[in-house]
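So this block is coords_16.txt, compact mmCIF, C-alpha atoms and all ligand atoms:
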```txt
# COMPACT_ATOMS: atom_id res chain seq x y z
CA MET A 275 86.61 108.65 105.08
CA LEU A 276 89.27 111.19 104.23
CA SER A 277 88.87 114.78 103.12
CA ARG A 278 89.67 115.33 99.46
CA GLU A 279 92.76 117.24 100.53
CA ASP A 280 94.05 114.37 102.69
CA ASN A 281 93.21 111.90 99.94
CA GLU A 282 95.43 113.88 97.57
CA ILE A 283 98.24 113.91 100.14
CA VAL A 284 98.27 110.14 100.75
CA THR A 285 97.82 109.02 97.15
CA ARG A 286 100.07 111.28 95.01
CA VAL A 287 103.71 110.19 94.86
CA GLY A 288 105.42 112.21 92.11
CA PRO A 289 108.63 114.17 92.79
CA GLY A 290 108.05 117.05 95.19
CA THR A 291 104.65 115.87 96.48
CA PRO A 292 104.35 115.29 100.28
CA MET A 293 103.90 111.51 99.96
CA GLY A 294 106.41 111.37 97.10
CA ARG A 295 109.03 112.97 99.36
CA THR A 296 108.09 110.57 102.16
CA MET A 297 108.28 107.44 100.03
CA ARG A 298 111.69 108.50 98.79
CA MET A 299 112.97 108.12 102.37
CA TYR A 300 112.60 104.31 102.09
CA TRP A 301 114.14 101.59 99.93
CA VAL A 302 111.64 101.03 97.10
CA PRO A 303 111.43 97.82 95.00
CA ALA A 304 112.29 98.80 91.41
CA ILE A 305 112.38 95.50 89.47
CA LEU A 306 112.82 91.78 89.97
CA SER A 307 116.49 90.70 89.82
CA SER A 308 115.45 88.24 87.11
CA GLU A 309 114.53 91.12 84.77
CA ILE A 310 118.23 91.95 84.44
CA ALA A 311 119.53 88.48 85.22
CA GLU A 312 122.93 88.52 83.47
CA PRO A 313 125.83 90.98 83.08
CA ASP A 314 125.45 92.99 79.85
CA CYS A 315 121.79 91.94 79.50
CA ALA A 316 119.20 94.08 77.74
CA PRO A 317 118.23 97.24 79.65
CA VAL A 318 114.65 97.52 80.94
CA ARG A 319 112.32 100.45 81.43
CA VAL A 320 111.31 101.19 85.02
CA ARG A 321 108.44 103.47 85.97
CA LEU A 322 108.76 104.33 89.65
CA LEU A 323 107.11 107.02 91.80
CA GLY A 324 106.13 108.90 88.65
CA GLU A 325 109.68 108.86 87.24
CA ASP A 326 110.85 107.15 84.03
CA LEU A 327 114.07 105.21 84.56
CA VAL A 328 116.11 102.55 82.85
CA ALA A 329 117.87 99.66 84.61
CA PHE A 330 120.80 97.56 83.42
CA ARG A 331 123.45 95.21 84.80
CA ASP A 332 126.94 96.02 83.59
CA THR A 333 129.80 93.69 82.63
CA GLU A 334 130.92 93.42 86.26
CA GLY A 335 127.40 92.70 87.53
CA LYS A 336 126.88 96.20 88.94
CA ILE A 337 123.38 97.60 88.56
CA GLY A 338 122.62 100.98 87.03
CA LEU A 339 119.27 102.71 87.57
CA LEU A 340 119.36 105.88 85.47
CA ASP A 341 117.00 108.58 84.27
CA GLU A 342 115.53 107.05 81.08
CA PHE A 343 116.32 110.07 78.90
CA CYS A 344 119.79 110.74 77.54
CA PRO A 345 121.08 114.14 78.72
CA HIS A 346 122.29 114.96 75.17
CA ARG A 347 119.06 115.28 73.19
CA ARG A 348 116.70 113.30 75.46
CA VAL A 349 116.07 110.07 73.59
CA SER A 350 115.27 106.97 75.61
CA LEU A 351 118.23 104.98 76.87
CA PHE A 352 115.97 101.90 76.74
CA PHE A 353 117.14 101.55 73.13
CA GLY A 354 120.76 101.68 74.28
CA ARG A 355 123.52 99.11 73.94
CA ASN A 356 124.68 97.56 77.19
CA GLU A 357 128.38 97.48 76.34
CA GLU A 358 131.56 96.98 78.27
CA CYS A 359 130.80 98.56 81.67
CA GLY A 360 128.30 101.11 80.43
CA LEU A 361 125.05 101.83 78.64
CA ARG A 362 125.54 103.53 75.27
CA CYS A 363 122.83 105.76 73.78
CA ILE A 364 122.40 104.65 70.16
CA TYR A 365 121.58 108.13 68.83
CA HIS A 366 125.04 109.76 69.08
CA GLY A 367 126.90 107.16 71.13
CA TRP A 368 127.21 108.81 74.52
CA LYS A 369 127.99 106.12 77.10
CA PHE A 370 127.15 106.11 80.84
CA ASP A 371 128.34 103.99 83.74
CA THR A 372 126.14 102.66 86.57
CA LYS A 373 126.66 105.87 88.55
CA GLY A 374 125.39 107.95 85.62
CA GLN A 375 128.80 109.37 84.66
CA CYS A 376 129.24 109.99 80.94
CA LEU A 377 132.34 108.12 79.72
CA GLU A 378 132.46 108.71 75.97
CA MET A 379 130.93 110.81 73.20
CA MET A 380 131.12 109.20 69.75
CA ASN A 381 129.81 112.26 67.91
CA GLU A 382 132.42 114.75 69.17
CA PRO A 383 136.06 115.02 68.04
CA ALA A 384 138.40 114.05 70.88
CA GLU A 385 139.47 117.67 71.43
CA TYR A 386 135.85 118.80 72.01
CA ASP A 387 134.82 115.85 74.18
CA PHE A 388 133.23 117.12 77.42
CA SER A 389 132.00 113.77 78.75
CA HIS A 390 133.61 114.34 82.17
CA LYS A 391 131.18 117.26 82.68
CA VAL A 392 128.03 115.26 81.88
CA GLN A 393 126.01 113.10 84.24
CA VAL A 394 122.63 111.46 84.00
CA ALA A 395 120.66 111.12 87.26
CA ALA A 396 121.34 107.72 88.87
CA TYR A 397 119.86 106.15 91.99
CA PRO A 398 121.67 103.79 94.36
CA THR A 399 120.39 100.21 94.38
CA ILE A 400 120.67 97.12 96.55
CA GLU A 401 119.75 93.56 95.61
CA LEU A 402 117.96 91.55 98.27
CA GLY A 403 115.41 88.74 98.13
CA GLY A 404 115.32 88.55 94.32
CA ILE A 405 114.44 92.25 94.05
CA VAL A 406 116.47 95.29 93.03
CA TRP A 407 115.61 98.05 95.52
CA ALA A 408 116.24 101.73 94.82
CA TYR A 409 116.82 104.65 97.14
CA MET A 410 115.54 107.86 95.57
CA GLY A 411 115.85 110.22 98.55
CA PRO A 412 118.53 112.58 99.87
CA PRO A 413 121.87 110.66 100.06
CA SER A 414 122.51 111.73 103.66
CA GLN A 415 119.21 110.16 104.81
CA MET A 416 119.64 106.68 103.31
CA PRO A 417 118.03 104.13 105.69
CA ALA A 418 119.31 100.69 106.71
CA PRO A 419 119.07 98.06 103.94
CA PRO A 420 115.64 96.38 103.63
CA LYS A 421 116.57 93.06 105.25
CA PHE A 422 113.20 91.46 105.87
CA ALA A 423 113.18 87.88 107.16
CA TRP A 424 112.01 86.79 103.69
CA THR A 425 114.77 88.61 101.83
CA GLN A 426 117.24 86.58 103.89
CA ALA A 427 115.70 83.19 103.09
CA ALA A 428 117.45 80.78 100.70
CA GLU A 429 116.26 80.96 97.08
CA THR A 430 115.10 77.33 97.28
CA HIS A 431 112.66 78.32 100.03
CA ARG A 432 111.54 81.69 98.66
CA HIS A 433 109.36 82.82 95.78
CA VAL A 434 108.71 86.35 94.50
CA THR A 435 106.46 87.52 91.65
CA LYS A 436 105.18 90.85 90.43
CA VAL A 437 101.94 92.01 88.79
CA ILE A 438 101.12 95.48 87.49
CA GLN A 439 97.81 96.78 88.77
CA GLU A 440 95.76 99.56 87.19
CA CYS A 441 95.00 101.67 90.23
CA ASN A 442 96.58 103.86 92.87
CA TRP A 443 98.94 102.06 95.23
CA LEU A 444 97.01 102.92 98.39
CA GLN A 445 93.70 101.32 97.50
CA ALA A 446 95.62 98.16 96.58
CA LEU A 447 97.46 98.28 99.92
CA GLU A 448 94.22 98.89 101.79
CA GLY A 449 92.74 95.82 100.13
CA GLY A 450 95.69 93.78 101.35
CA ILE A 451 95.55 94.85 104.98
CA ASP A 452 91.76 94.49 105.12
CA THR A 453 91.24 91.14 106.85
CA SER A 454 87.44 91.35 106.98
CA HIS A 455 87.01 90.87 103.23
CA ALA A 456 89.17 87.77 102.94
CA PRO A 457 86.70 84.99 103.86
CA ILE A 458 83.94 86.81 101.95
CA LEU A 459 85.45 87.82 98.60
CA HIS A 460 87.72 84.74 98.58
CA ARG A 461 85.04 82.29 99.80
CA LEU A 462 84.40 78.99 98.10
CA ILE A 463 80.81 77.82 98.43
CA SER A 464 81.60 74.28 97.30
CA GLU A 465 83.67 72.10 99.60
CA THR A 466 84.89 70.08 96.61
CA SER A 467 86.01 73.06 94.50
CA THR A 468 89.68 72.96 93.51
CA ARG A 469 89.83 76.71 92.84
CA GLY A 470 91.84 79.09 95.05
CA GLY A 471 89.91 80.35 98.07
CA PHE A 472 88.70 79.45 101.54
CA LYS A 473 86.48 76.39 101.79
CA PRO A 474 83.24 76.38 103.82
CA SER A 475 84.87 74.05 106.37
CA SER A 476 87.85 76.36 107.00
CA PRO A 477 87.89 78.10 110.38
CA PHE A 478 88.40 81.41 108.56
CA VAL A 479 84.97 81.01 106.94
CA ARG A 480 83.25 79.29 109.88
CA GLY A 481 84.34 82.05 112.25
CA LYS A 482 82.02 85.01 112.83
CA ALA A 483 82.89 88.54 111.68
CA PRO A 484 86.22 89.62 113.18
CA LYS A 485 87.15 92.11 115.85
CA LEU A 486 90.38 93.90 114.93
CA GLU A 487 93.09 94.38 117.53
CA ILE A 488 95.94 96.72 116.54
CA ASP A 489 99.27 97.39 118.26
CA VAL A 490 101.09 100.41 116.83
CA THR A 491 104.86 99.88 116.66
CA ASP A 492 107.90 101.83 115.48
CA TYR A 493 107.66 100.22 112.01
CA GLY A 494 103.88 100.54 111.54
CA TYR A 495 101.66 98.06 113.36
CA GLN A 496 100.85 94.46 113.98
CA TYR A 497 97.24 93.49 114.13
CA ALA A 498 94.95 90.48 114.22
CA GLY A 499 91.43 89.69 113.15
CA VAL A 500 89.90 87.66 115.98
CA ARG A 501 86.85 85.62 115.00
CA PRO A 502 84.61 83.78 117.47
CA LEU A 503 84.44 80.11 116.50
CA GLY A 504 81.63 78.22 118.23
CA GLU A 505 81.31 78.60 122.01
CA ASP A 506 84.85 77.83 123.12
CA GLU A 507 87.29 78.89 120.45
CA ILE A 508 88.54 81.79 118.35
CA HIS A 509 90.26 81.96 114.99
CA ALA A 510 93.09 84.52 115.05
CA ARG A 511 95.09 85.66 112.06
CA SER A 512 97.83 88.24 112.50
CA TYR A 513 99.46 90.65 110.07
CA HIS A 514 102.15 93.31 110.07
CA PHE A 515 102.02 96.60 108.22
CA ILE A 516 105.48 98.05 107.69
CA LEU A 517 105.61 101.61 106.39
CA PRO A 518 105.18 102.70 103.77
CA PHE A 519 103.81 99.73 101.74
CA HIS A 520 104.72 96.30 103.11
CA GLN A 521 102.53 93.58 104.53
CA ILE A 522 103.44 90.28 106.20
CA ARG A 523 100.74 87.65 106.62
CA PRO A 524 100.46 83.90 107.19
CA SER A 525 99.65 81.58 104.31
CA LYS A 526 99.81 77.99 103.09
CA THR A 527 101.08 76.51 99.84
CA PRO A 528 98.60 74.47 97.77
CA GLY A 529 100.36 71.42 99.26
CA GLY A 530 99.49 72.62 102.77
CA VAL A 531 102.95 73.82 103.87
CA SER A 532 102.73 76.86 106.15
CA VAL A 533 104.65 79.82 104.76
CA ASP A 534 105.23 83.43 105.63
CA ALA A 535 103.86 85.57 102.84
CA GLY A 536 103.11 89.13 101.95
CA HIS A 537 102.85 91.86 99.37
CA ILE A 538 104.55 95.14 98.59
CA TRP A 539 102.43 97.77 96.85
CA VAL A 540 104.83 100.01 94.98
CA PRO A 541 103.56 103.06 93.09
CA MET A 542 104.68 103.28 89.47
CA ASP A 543 102.77 106.54 89.30
CA ASP A 544 99.56 107.86 90.82
CA GLU A 545 97.29 105.53 88.83
CA THR A 546 99.40 102.37 88.45
CA CYS A 547 101.21 100.18 90.94
CA MET A 548 103.42 97.09 90.97
CA VAL A 549 102.32 94.45 93.44
CA TYR A 550 105.16 92.19 94.55
CA ASN A 551 104.00 88.86 96.00
CA TRP A 552 106.43 86.87 98.11
CA ASN A 553 106.38 83.81 100.31
CA PHE A 554 108.94 81.66 102.01
CA SER A 555 109.00 78.38 103.81
CA HIS A 556 110.80 77.84 107.10
CA THR A 557 110.81 74.08 106.53
CA ALA A 558 110.72 72.26 103.17
CA PRO A 559 111.92 73.90 99.95
CA LEU A 560 109.14 75.21 97.71
CA ALA A 561 107.93 72.86 94.97
CA ASP A 562 107.64 73.80 91.29
CA GLU A 563 103.87 73.63 91.66
CA ASP A 564 103.99 76.21 94.48
CA ARG A 565 105.80 78.59 92.15
CA LEU A 566 102.90 78.51 89.65
CA GLU A 567 100.66 80.29 92.20
CA ARG A 568 97.56 78.85 90.50
CA HIS A 569 95.40 79.53 93.55
CA LEU A 570 96.46 83.19 93.62
CA GLY A 571 96.58 83.98 89.89
CA ASN A 572 100.01 85.65 90.09
CA GLY A 573 102.27 83.11 88.37
CA PRO A 574 103.44 82.56 84.79
CA LEU A 575 100.12 80.92 83.82
CA HIS A 576 98.22 84.09 84.69
CA VAL A 577 100.63 87.00 84.23
CA ASP A 578 102.62 87.92 81.10
CA PRO A 579 106.28 87.37 82.07
CA VAL A 580 107.49 90.33 79.99
CA THR A 581 104.88 93.02 80.61
CA PHE A 582 103.79 91.78 84.07
CA ARG A 583 100.16 92.46 83.09
CA SER A 584 97.49 90.05 84.31
CA LYS A 585 95.76 88.08 81.54
CA ALA A 586 92.53 88.44 83.52
CA ASN A 587 91.87 92.16 83.47
CA ARG A 588 89.21 94.82 83.19
CA SER A 589 88.88 94.41 79.41
CA ASN A 590 87.67 90.80 79.80
CA ASN A 591 85.90 91.26 83.15
CA TYR A 592 88.66 89.16 84.73
CA PHE A 593 87.12 86.07 83.04
CA LEU A 594 84.21 86.28 85.50
CA ASP A 595 82.08 83.11 85.13
CA ARG A 596 78.54 83.62 86.49
CA GLU A 597 77.92 79.86 86.66
CA VAL A 598 81.03 79.42 88.82
CA GLN A 599 79.81 82.33 90.93
CA ARG A 600 76.45 80.55 91.39
CA THR A 601 77.86 77.15 92.30
CA GLU A 602 81.51 77.32 93.38
CA SER A 603 82.89 80.65 94.55
CA TYR A 604 81.62 83.99 95.76
CA SER A 605 83.34 85.92 93.00
CA GLY A 606 83.24 83.63 89.95
CA ILE A 607 86.78 84.88 89.23
CA ASP A 608 89.74 82.51 89.37
CA GLY A 609 92.66 83.27 91.65
CA ILE A 610 92.59 84.98 95.02
CA ASN A 611 94.75 87.92 93.96
CA ALA A 612 92.95 88.22 90.61
CA GLN A 613 89.79 88.71 92.70
CA ASP A 614 91.58 91.41 94.68
CA ARG A 615 92.75 93.15 91.51
CA ALA A 616 89.25 93.07 90.01
CA LEU A 617 87.68 94.83 92.96
CA GLN A 618 90.51 97.25 93.70
CA GLU A 619 90.64 98.35 90.05
CA SER A 620 86.83 98.64 90.00
CA MET A 621 87.13 101.55 92.46
CA GLY A 622 88.64 103.71 89.69
CA PRO A 623 92.22 104.96 89.28
CA ILE A 624 92.19 106.86 92.60
CA VAL A 625 89.24 106.12 94.87
CA ASP A 626 87.41 109.13 96.31
CA ARG A 627 87.70 108.44 100.05
CA SER A 628 85.42 111.38 100.92
CA LYS A 629 82.50 109.18 99.83
CA GLU A 630 83.25 106.15 102.03
CA HIS A 631 81.33 104.82 105.04
CA LEU A 632 83.89 103.07 107.21
CA GLY A 633 83.10 100.85 110.20
CA PRO A 634 85.04 99.15 113.01
CA ALA A 635 86.06 96.38 110.58
CA ASP A 636 88.07 99.07 108.74
CA ARG A 637 90.16 100.05 111.78
CA ALA A 638 93.40 98.68 110.31
CA ILE A 639 92.88 100.76 107.17
CA ILE A 640 92.10 103.87 109.21
CA GLN A 641 95.25 103.29 111.28
CA ALA A 642 97.43 102.81 108.21
CA ARG A 643 96.20 106.13 106.76
CA ARG A 644 96.91 107.84 110.08
CA LEU A 645 100.46 106.46 110.16
CA LEU A 646 101.08 107.49 106.56
CA ARG A 647 99.94 111.03 107.28
CA ASP A 648 102.14 111.05 110.42
CA ALA A 649 105.08 109.92 108.27
CA VAL A 650 104.39 112.74 105.79
CA ARG A 651 104.35 115.24 108.66
CA ALA A 652 107.60 113.81 110.07
CA VAL A 653 109.38 114.15 106.73
CA ALA A 654 108.03 117.69 106.25
CA ALA A 655 109.49 118.53 109.69
CA GLY A 656 112.89 117.17 108.66
CA GLU A 657 112.58 113.99 110.77
CA LYS A 658 113.08 110.35 109.83
CA PRO A 659 109.74 108.59 109.27
CA PRO A 660 108.88 105.31 111.07
CA GLY A 661 109.98 102.06 109.43
CA THR A 662 113.42 103.29 108.38
CA GLY A 663 115.18 101.44 111.22
CA THR A 664 115.80 97.71 111.57
CA SER A 665 113.00 96.66 113.95
CA TYR A 666 111.05 94.88 111.18
CA TYR A 667 113.92 92.58 110.16
CA GLY A 668 112.68 89.41 111.87
CA LEU A 669 108.89 89.83 111.84
CA ARG A 670 106.52 86.90 111.30
CA ALA A 671 102.76 86.59 111.23
CA GLY A 672 100.56 83.63 112.16
CA GLU A 673 97.14 82.05 112.15
CA ALA A 674 95.59 79.52 114.56
CA VAL A 675 92.43 78.27 116.20
CA LEU A 676 92.87 79.08 119.90
CA PRO A 677 90.91 78.67 123.13
CA ARG A 678 88.44 81.52 123.56
CA ASP A 679 90.47 83.33 126.23
CA ALA A 680 93.89 82.94 124.61
CA ASP A 681 95.96 86.02 123.68
CA TRP A 682 97.04 85.81 120.02
CA ARG A 683 100.08 87.96 120.87
CA GLN A 684 101.40 85.12 123.02
CA GLU A 685 100.30 82.24 120.80
CA LEU A 686 101.14 83.29 117.22
CA PRO A 687 104.72 83.52 115.92
CA ALA A 688 106.00 87.07 116.03
CA ALA A 689 109.66 86.83 115.11
CA ALA A 690 111.87 84.76 112.84
CA GLU A 691 115.33 83.48 113.55
CA LEU A 692 117.58 85.34 111.19
CA THR A 693 120.59 84.28 109.29
CA THR A 694 122.49 87.31 108.16
CA VAL A 695 123.42 87.71 104.52
S1 LIG B 701 120.57 111.73 72.39
FE1 LIG B 701 121.83 110.32 73.39
S2 LIG B 701 123.75 110.58 72.51
FE2 LIG B 701 122.51 112.05 71.53
FE FE B 702 91.99 89.71 99.25
```
As structure tokens, the full file:
Amino acid sequence: MLSREDNEIVTRVGPGTPMGRTMRMYWVPAILSSEIAEPDCAPVRVRLLGEDLVAFRDTEGKIGLLDEFCPHRRVSLFFGRNEECGLRCIYHGWKFDTKGQCLEMMNEPAEYDFSHKVQVAAYPTIELGGIVWAYMGPPSQMPAPPKFAWTQAAETHRHVTKVIQECNWLQALEGGIDTSHAPILHRLISETSTRGGFKPSSPFVRGKAPKLEIDVTDYGYQYAGVRPLGEDEIHARSYHFILPFHQIRPSKTPGGVSVDAGHIWVPMDDETCMVYNWNFSHTAPLADEDRLERHLGNGPLHVDPVTFRSKANRSNNYFLDREVQRTESYSGIDGINAQDRALQESMGPIVDRSKEHLGPADRAIIQARRLLRDAVRAVAAGEKPPGTGTSYYGLRAGEAVLPRDADWRQELPAAAELTTV
């Protein structure tokens, strides 16, 4: 559990809040690159860390991420025209470049034009791994670019999607780094079911309840859930938590290809987050079928490609089918991540952690909260928080059935070979 005061500190991310200041020390995913795919494309609204922004790609391909509201009379620049190297407000025709500098004022005679004195707030961006990342902190403290192993993979081998979730970012993150729920919530009870989930025969389900082993690192931690499997074996599945909101975990495509995978839980504001879902293959390119993410419920069949809202949502009880729940799957909800969203959103917009009863199976969650509070303290003391270096660049996670006495740290992949972009 957390005190109400600590719960406020770790969940609230608006400008000036302790966690808001901390999160602004990292590169933060703002939008998918595909949302502003072409030069001079339509601008898009971006809600990020409680701020309203607008993103556009100019004629030269440069990305602008500006305060949404025009500094003249505060209308939304979302309605603007993305013209030659600048976004023009359609109310009185003020035009801004990607750095936020005002270039022209259509409603003022040339002799009164004061455009050189006007700026709209603009954040620096970097494009990596199919995502536009923003840095919203003090310019002098900008960290190294977010070059994860997956952001450096070829597009043919990598897939990234995004889904908006109706709850605070931290309870979504905690659901993702909570290994003990996975073979329970995501369990199939029918071996022949073709739905997403873990079949009764899988070692993940056959294993007993896990013991969690956590190694704190300079980026966050790596940890594994170690499950006894019969007399002689264990099932071990490792994960990384990279501050402030990244996870790396092992996975498989529906076709059975092992991939590295993970999520990023990015706050839009205190009660809404964007969940980015990524995976990449070290071997074969991903197939079109893999990109549908049917088993997860994150792809174009399940999520509106314009609003990024899940079709299965609270208003329709996530299409929960009680007959499926009786005969096929624990949840009766289709899609592993749709199941996650259903339960994480069911906790309310911001869960009251003073009412929890945590056990040893929640150690990874407890550790993540501790590290986040340490990061908040570091930033308040004027220090750099963990995870702003480069030590996470090559991380991998893994999963295997191992002899009972094996050490998962030795046996599971821990690092990727990197090709620099
Ligand atoms: S409000 Fe934007 S130009 Fe006037
Ligand atoms: Fe889950």
Contacts of chain A with ligand FE 702 (chain B) up to 6 Å, shortest pair per row, all atoms listed in the file, as a Markdown table:
```
| residue | atom | partner | partner_atom | distance |
| --- | --- | --- | --- | --- |
| A:Gly450 | CA | B:FE702 | FE | 5.9 |
| A:Ala456 | CA | B:FE702 | FE | 5.0 |
| A:Asp614 | CA | B:FE702 | FE | 4.9 |
```
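Remark: for A:Ser584, the closest of the candidate residues A:Ala652, A:Ala688, A:Ala316, A:Ile438 is A:Ile438 (distances computed over all atoms listed in the file).
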- line: One residue among A:Pro420, A:Gly288, A:Pro317, A:Gly367 is nearest to ligand LIG 701 (chain B) when using all atoms listed in the file, and that residue is A:Gly367
field: Closest of A:Leu351, A:Met542, A:Met275, A:Leu322 to ligand LIG 701 (chain B) - atom-to-atom distances counting all atoms listed in the file
entry: A:Leu351
task: Check every protein, DNA and RNA residue against ligand LIG 701 (chain B), keep those with an atom at most 12 Å away (counting all atoms listed in the file), and present them as a ChimeraX atom specification.
output: /A:342-355,361-370,376-382,389,392-394
For the residues in that selection, give me C-alpha atoms as a PDB file, in the coordinates of the input.
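File part35.pdb, as written:
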```
ATOM      1  CA  GLU A 342     115.530 107.050  81.080  1.00  0.00           C
ATOM      2  CA  PHE A 343     116.320 110.070  78.900  1.00  0.00           C
ATOM      3  CA  CYS A 344     119.790 110.740  77.540  1.00  0.00           C
ATOM      4  CA  PRO A 345     121.080 114.140  78.720  1.00  0.00           C
ATOM      5  CA  HIS A 346     122.290 114.960  75.170  1.00  0.00           C
ATOM      6  CA  ARG A 347     119.060 115.280  73.190  1.00  0.00           C
ATOM      7  CA  ARG A 348     116.700 113.300  75.460  1.00  0.00           C
ATOM      8  CA  VAL A 349     116.070 110.070  73.590  1.00  0.00           C
ATOM      9  CA  SER A 350     115.270 106.970  75.610  1.00  0.00           C
ATOM     10  CA  LEU A 351     118.230 104.980  76.870  1.00  0.00           C
ATOM     11  CA  PHE A 352     115.970 101.900  76.740  1.00  0.00           C
ATOM     12  CA  PHE A 353     117.140 101.550  73.130  1.00  0.00           C
ATOM     13  CA  GLY A 354     120.760 101.680  74.280  1.00  0.00           C
ATOM     14  CA  ARG A 355     123.520  99.110  73.940  1.00  0.00           C
ATOM     15  CA  LEU A 361     125.050 101.830  78.640  1.00  0.00           C
ATOM     16  CA  ARG A 362     125.540 103.530  75.270  1.00  0.00           C
ATOM     17  CA  CYS A 363     122.830 105.760  73.780  1.00  0.00           C
ATOM     18  CA  ILE A 364     122.400 104.650  70.160  1.00  0.00           C
ATOM     19  CA  TYR A 365     121.580 108.130  68.830  1.00  0.00           C
ATOM     20  CA  HIS A 366     125.040 109.760  69.080  1.00  0.00           C
ATOM     21  CA  GLY A 367     126.900 107.160  71.130  1.00  0.00           C
ATOM     22  CA  TRP A 368     127.210 108.810  74.520  1.00  0.00           C
ATOM     23  CA  LYS A 369     127.990 106.120  77.100  1.00  0.00           C
ATOM     24  CA  PHE A 370     127.150 106.110  80.840  1.00  0.00           C
ATOM     25  CA  CYS A 376     129.240 109.990  80.940  1.00  0.00           C
ATOM     26  CA  LEU A 377     132.340 108.120  79.720  1.00  0.00           C
ATOM     27  CA  GLU A 378     132.460 108.710  75.970  1.00  0.00           C
ATOM     28  CA  MET A 379     130.930 110.810  73.200  1.00  0.00           C
ATOM     29  CA  MET A 380     131.120 109.200  69.750  1.00  0.00           C
ATOM     30  CA  ASN A 381     129.810 112.260  67.910  1.00  0.00           C
ATOM     31  CA  GLU A 382     132.420 114.750  69.170  1.00  0.00           C
ATOM     32  CA  SER A 389     132.000 113.770  78.750  1.00  0.00           C
ATOM     33  CA  VAL A 392     128.030 115.260  81.880  1.00  0.00           C
ATOM     34  CA  GLN A 393     126.010 113.100  84.240  1.00  0.00           C
ATOM     35  CA  VAL A 394     122.630 111.460  84.000  1.00  0.00           C
TER      36      VAL A 394
END
```
field: Residues near stretch 397-410 of chain A, cut-off 8 Å, all atoms listed in the file, skip fewer than 5 positions along chain, as a ChimeraX atom specification
entry: /A:298-308,337-340,373,416,419-421,424-427,429,434
For A:Leu566: contacts at 12 Å, only C-alpha atoms, fewer than 3 positions along chain excluded, given as a PDB file with C-alpha atoms, in the frame of the given file:
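Writing the result to part_31.pdb gives the following:
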```
ATOM      1  CA  HIS A 433     109.360  82.820  95.780  1.00  0.00           C
ATOM      2  CA  VAL A 434     108.710  86.350  94.500  1.00  0.00           C
ATOM      3  CA  THR A 435     106.460  87.520  91.650  1.00  0.00           C
ATOM      4  CA  THR A 527     101.080  76.510  99.840  1.00  0.00           C
ATOM      5  CA  PRO A 528      98.600  74.470  97.770  1.00  0.00           C
ATOM      6  CA  LEU A 560     109.140  75.210  97.710  1.00  0.00           C
ATOM      7  CA  ALA A 561     107.930  72.860  94.970  1.00  0.00           C
ATOM      8  CA  ASP A 562     107.640  73.800  91.290  1.00  0.00           C
ATOM      9  CA  GLU A 563     103.870  73.630  91.660  1.00  0.00           C
ATOM     10  CA  HIS A 569      95.400  79.530  93.550  1.00  0.00           C
ATOM     11  CA  LEU A 570      96.460  83.190  93.620  1.00  0.00           C
ATOM     12  CA  GLY A 571      96.580  83.980  89.890  1.00  0.00           C
ATOM     13  CA  ASN A 572     100.010  85.650  90.090  1.00  0.00           C
ATOM     14  CA  GLY A 573     102.270  83.110  88.370  1.00  0.00           C
ATOM     15  CA  PRO A 574     103.440  82.560  84.790  1.00  0.00           C
ATOM     16  CA  LEU A 575     100.120  80.920  83.820  1.00  0.00           C
ATOM     17  CA  HIS A 576      98.220  84.090  84.690  1.00  0.00           C
ATOM     18  CA  VAL A 577     100.630  87.000  84.230  1.00  0.00           C
ATOM     19  CA  GLY A 609      92.660  83.270  91.650  1.00  0.00           C
TER      20      GLY A 609
END
```
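Considering the residues A:Asp326, A:Asp648, A:Asp608, A:Glu507 and counting only C-alpha atoms, A:Arg568 has its shortest atom-to-atom contact with A:Asp608.
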task: Work out how far apart atom CA of A:Leu632 and atom CA of A:Pro484 are and give it in Å to one decimal.
output: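 Computing the Euclidean distance for atom CA of A:Leu632 and atom CA of A:Pro484 yields 14.9 Å.
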message: From the options A:Cys547, A:Cys359, A:Val284, A:Val318, which residue's atoms come nearest to A:Asp332, counting all atoms listed in the file?
response: A:Cys359
task: Have a look at atom CA of A:Asn553 and atom CA of A:Val531 and let me know their distance in Å, one decimal.
output: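 Calculated distance between atom CA of A:Asn553 and atom CA of A:Val531 is 11.1 Å.
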query: For A:Ala418, which residue out of A:Arg295, A:Lys658, A:His431, A:Lys482 is the nearest one, using only C-alpha atoms?
result: A:Lys658
- prompt: Between atom CA of A:Arg600 and atom CA of A:Lys585, what is the distance, to one decimal in Å?
  reply: 22.9 Å
